[in-house]
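One structure below.
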Amino acid sequence: MGEEYRATSYRPGKLVRRIIGPAFISKPSSVPLQQDQMKTVRALWDTGATGSVVTASMAKELDLVPIDQMETTGVHGTKRVNVYAIDLRLPNDVTVLGMTVSEADGPTHDFDVIIGMDVITLGDFAVSNYQGQTVFSFRYPSQGHIDFVKEGGTLQD
């Protein structure tokens with residue numbers, strides 16, 4: 001028997017270019033914390049980020065201690081940044097314990113963490129924009145491929 005199916009959706013009620021929704025983070029613990037014991041944060045889901053990220057202000061607020069440093073490359077070049085360990089919980093109660101995140105470089109006014117491909121590849125991720133309304137959905141664990149060509153499209157891969 002596989003892991004329990006869990007899903008979350010985000011419906012902003014309009015067309016959006018950035019998917020920012022709630023998530024929960026804390027310092028790493030040996031057992032999963034309850035959602036109300038974690039800090040509620042604004043999470044940007046970013047398929048262009050290979051790894052997840054925490055802002056410097058959120059790292060300071062949680063009193064996170066750097067466990068390492070690494071070189072990161074972004075749109076503004078390469079920089080050495082702090083690396084932290086955190087526990088991350090998604091709104092569908094999927095929890096990633098002791099994950100490593102790098103520190104965001106630069107201004108981040110509308111989000112506290114970036115959920116990168118290290119988390120997105122744990123499940124299935126979909127965005128649709130039907131009738132001018134964005135709907136984002138994430139399910140865990142993966143349940144199968146989402147393939148618009150096989151669903152009746154005309155283009156071939």
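In the structure tokens, the first chain shown is A, the next is B, and so on; residue numbers restart at 1 for each chain, and ligands run from 1 in the order shown.
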Closest contacts (region 37-118 of chain A/region 15-18 of chain A, max 10 Å, only C-alpha atoms) as a Markdown table:
```
| residue | atom | partner | partner_atom | distance |
| --- | --- | --- | --- | --- |
| A:Leu44 | CA | A:Arg18 | CA | 7.1 |
| A:Trp45 | CA | A:Arg18 | CA | 7.7 |
| A:Asp46 | CA | A:Arg18 | CA | 8.3 |
```
**Prompt:** Do you know which residues are at most 9 Å from Leu88 (chain A) counting only C-alpha atoms, after dropping those on the same chain fewer than 6 positions away, and could you put them as an MDAnalysis selection string?
**Reply:** chainID A and resid 23:26 28 38 94:99
Go ahead and save the residues from that selection, with C-alpha atoms, as a PDB file, in the first residue's frame.
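Everything below was put into out27.pdb:
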```
ATOM      1  CA  ALA A  23       3.094  27.131   3.808  1.00  0.00           C
ATOM      2  CA  PHE A  24       4.499  26.481   7.274  1.00  0.00           C
ATOM      3  CA  ILE A  25       8.133  26.342   8.379  1.00  0.00           C
ATOM      4  CA  SER A  26      10.087  25.834  11.581  1.00  0.00           C
ATOM      5  CA  PRO A  28      14.209  21.339  12.213  1.00  0.00           C
ATOM      6  CA  MET A  38       5.029  26.336  12.858  1.00  0.00           C
ATOM      7  CA  VAL A  94       2.953  16.947   3.381  1.00  0.00           C
ATOM      8  CA  THR A  95       5.970  17.600   5.604  1.00  0.00           C
ATOM      9  CA  VAL A  96       9.615  17.624   4.558  1.00  0.00           C
ATOM     10  CA  LEU A  97      11.802  17.275   7.643  1.00  0.00           C
ATOM     11  CA  GLY A  98      15.329  18.659   7.878  1.00  0.00           C
ATOM     12  CA  MET A  99      15.471  19.968   4.332  1.00  0.00           C
TER      13      MET A  99
END
```
**Request:** Go through A:Pro66, A:Thr73, A:Lys39, A:Ile146 and flag the residue nearest Ser128 (chain A), using only C-alpha atoms for the distances.
**Result:** A:Ile146
**Request:** Write out as a PyMOL selection string the residues lying within 8 Å of Lys27 (chain A), counting only C-alpha atoms and excluding same-chain residues fewer than 2 positions away.
**Result:** chain A and resi 25+29+62+64+85-87
Give me a file of those residues, with C-alpha atoms, as a compact mmCIF listing (two decimals), in the first residue's frame.
```
# COMPACT_ATOMS: atom_id res chain seq x y z
CA ILE A 25 8.13 26.34 8.38
CA SER A 29 12.82 19.00 14.85
CA LEU A 62 13.10 32.11 13.11
CA LEU A 64 17.94 29.95 12.06
CA ALA A 85 17.97 23.39 7.72
CA ILE A 86 14.20 23.75 8.16
CA ASP A 87 11.07 21.67 8.39
```
**Message:** Residues near Gly13 (chain A), anyone? I mean within 9 Å using only C-alpha atoms, not counting same-chain ones fewer than 3 positions away, as a PyMOL selection string.
**Reply:** chain A and resi 16+132-135
Could you dump the residues just selected with N, CA and C atoms as a PDB file, in the first residue's frame?
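Result written to part00.pdb:
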```
ATOM      1  N   VAL A  16      -2.996  35.087 -12.587  1.00  0.00           N
ATOM      2  CA  VAL A  16      -1.801  35.559 -11.888  1.00  0.00           C
ATOM      3  C   VAL A  16      -0.552  35.046 -12.596  1.00  0.00           C
ATOM      4  N   GLY A 132      -9.535  32.864 -17.820  1.00  0.00           N
ATOM      5  CA  GLY A 132      -8.889  33.985 -17.153  1.00  0.00           C
ATOM      6  C   GLY A 132      -8.720  33.831 -15.653  1.00  0.00           C
ATOM      7  N   GLN A 133      -8.782  32.585 -15.155  1.00  0.00           N
ATOM      8  CA  GLN A 133      -8.607  32.347 -13.724  1.00  0.00           C
ATOM      9  C   GLN A 133      -7.544  31.266 -13.523  1.00  0.00           C
ATOM     10  N   THR A 134      -6.492  31.617 -12.798  1.00  0.00           N
ATOM     11  CA  THR A 134      -5.426  30.674 -12.511  1.00  0.00           C
ATOM     12  C   THR A 134      -5.861  29.716 -11.403  1.00  0.00           C
ATOM     13  N   VAL A 135      -5.611  28.436 -11.617  1.00  0.00           N
ATOM     14  CA  VAL A 135      -5.777  27.421 -10.577  1.00  0.00           C
ATOM     15  C   VAL A 135      -4.493  26.602 -10.555  1.00  0.00           C
TER      16      VAL A 135
END
```
**Item:** Exercise: Gln69 (chain A) partners within 7 Å, only C-alpha atoms, chain neighbours under 6 positions left out, as a PyMOL selection string
**Value:** chain A and resi 80-83
Can I get the selected residues back with N, CA and C atoms, as an mmCIF file, in the first residue's frame?
```
data_model
loop_
_atom_site.group_PDB
_atom_site.id
_atom_site.type_symbol
_atom_site.label_atom_id
_atom_site.label_comp_id
_atom_site.auth_asym_id
_atom_site.auth_seq_id
_atom_site.Cartn_x
_atom_site.Cartn_y
_atom_site.Cartn_z
ATOM 1 N N ARG A 80 27.777 33.837 -2.926
ATOM 2 C CA ARG A 80 27.893 32.884 -1.819
ATOM 3 C C ARG A 80 26.832 33.257 -0.786
ATOM 4 N N VAL A 81 26.020 32.277 -0.365
ATOM 5 C CA VAL A 81 24.925 32.527 0.572
ATOM 6 C C VAL A 81 24.915 31.482 1.680
ATOM 7 N N ASN A 82 24.219 31.799 2.752
ATOM 8 C CA ASN A 82 24.043 30.852 3.855
ATOM 9 C C ASN A 82 23.090 29.735 3.458
ATOM 10 N N VAL A 83 23.284 28.582 4.090
ATOM 11 C CA VAL A 83 22.394 27.430 3.939
ATOM 12 C C VAL A 83 21.859 27.098 5.329
#
```
**Message:** I need the residues of region 6-157 of chain A that end up classed as helix (DSSP H, G or I) by DSSP on the backbone, written out as a VMD selection string.
**Reply:** chain A and resid 35 to 37 56 to 61 117 to 120 130 to 132
**Complete:** note - CA of Ala7 (chain A) and CA of Phe148 (chain A) are separated by 20.3 Å
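Nearest residue to Asn129 (chain A), choosing from A:Arg6, A:Lys14, A:Ile20, A:Asp110 and counting only C-alpha atoms: A:Lys14.
Excluding Thr47 (chain A) itself and same-chain residues fewer than 2 positions from it, the residues having an atom within 8 Å of it are Trp45, Ala49, Thr50, Gly116, Met117 and Ile120 of chain A, counting only C-alpha atoms.
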**Fill in**
Students should find that CA of Ala56 (chain A) and CA of Arg11 (chain A) are spaced 28.0 Å
**Request:** Write out as a count of residues only all residues of chain A that DSSP puts in strand (DSSP E or B) for this structure's backbone.
**Result:** 65
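Of the listed residues A:Tyr84, A:Tyr140, A:Phe125, A:Phe111, the one whose atoms come nearest to Ala59 (chain A) is A:Tyr84, with distances taken using only C-alpha atoms.
Between CA of Pro141 (chain A) and CA of Tyr5 (chain A) lies a distance of 6.2 Å.
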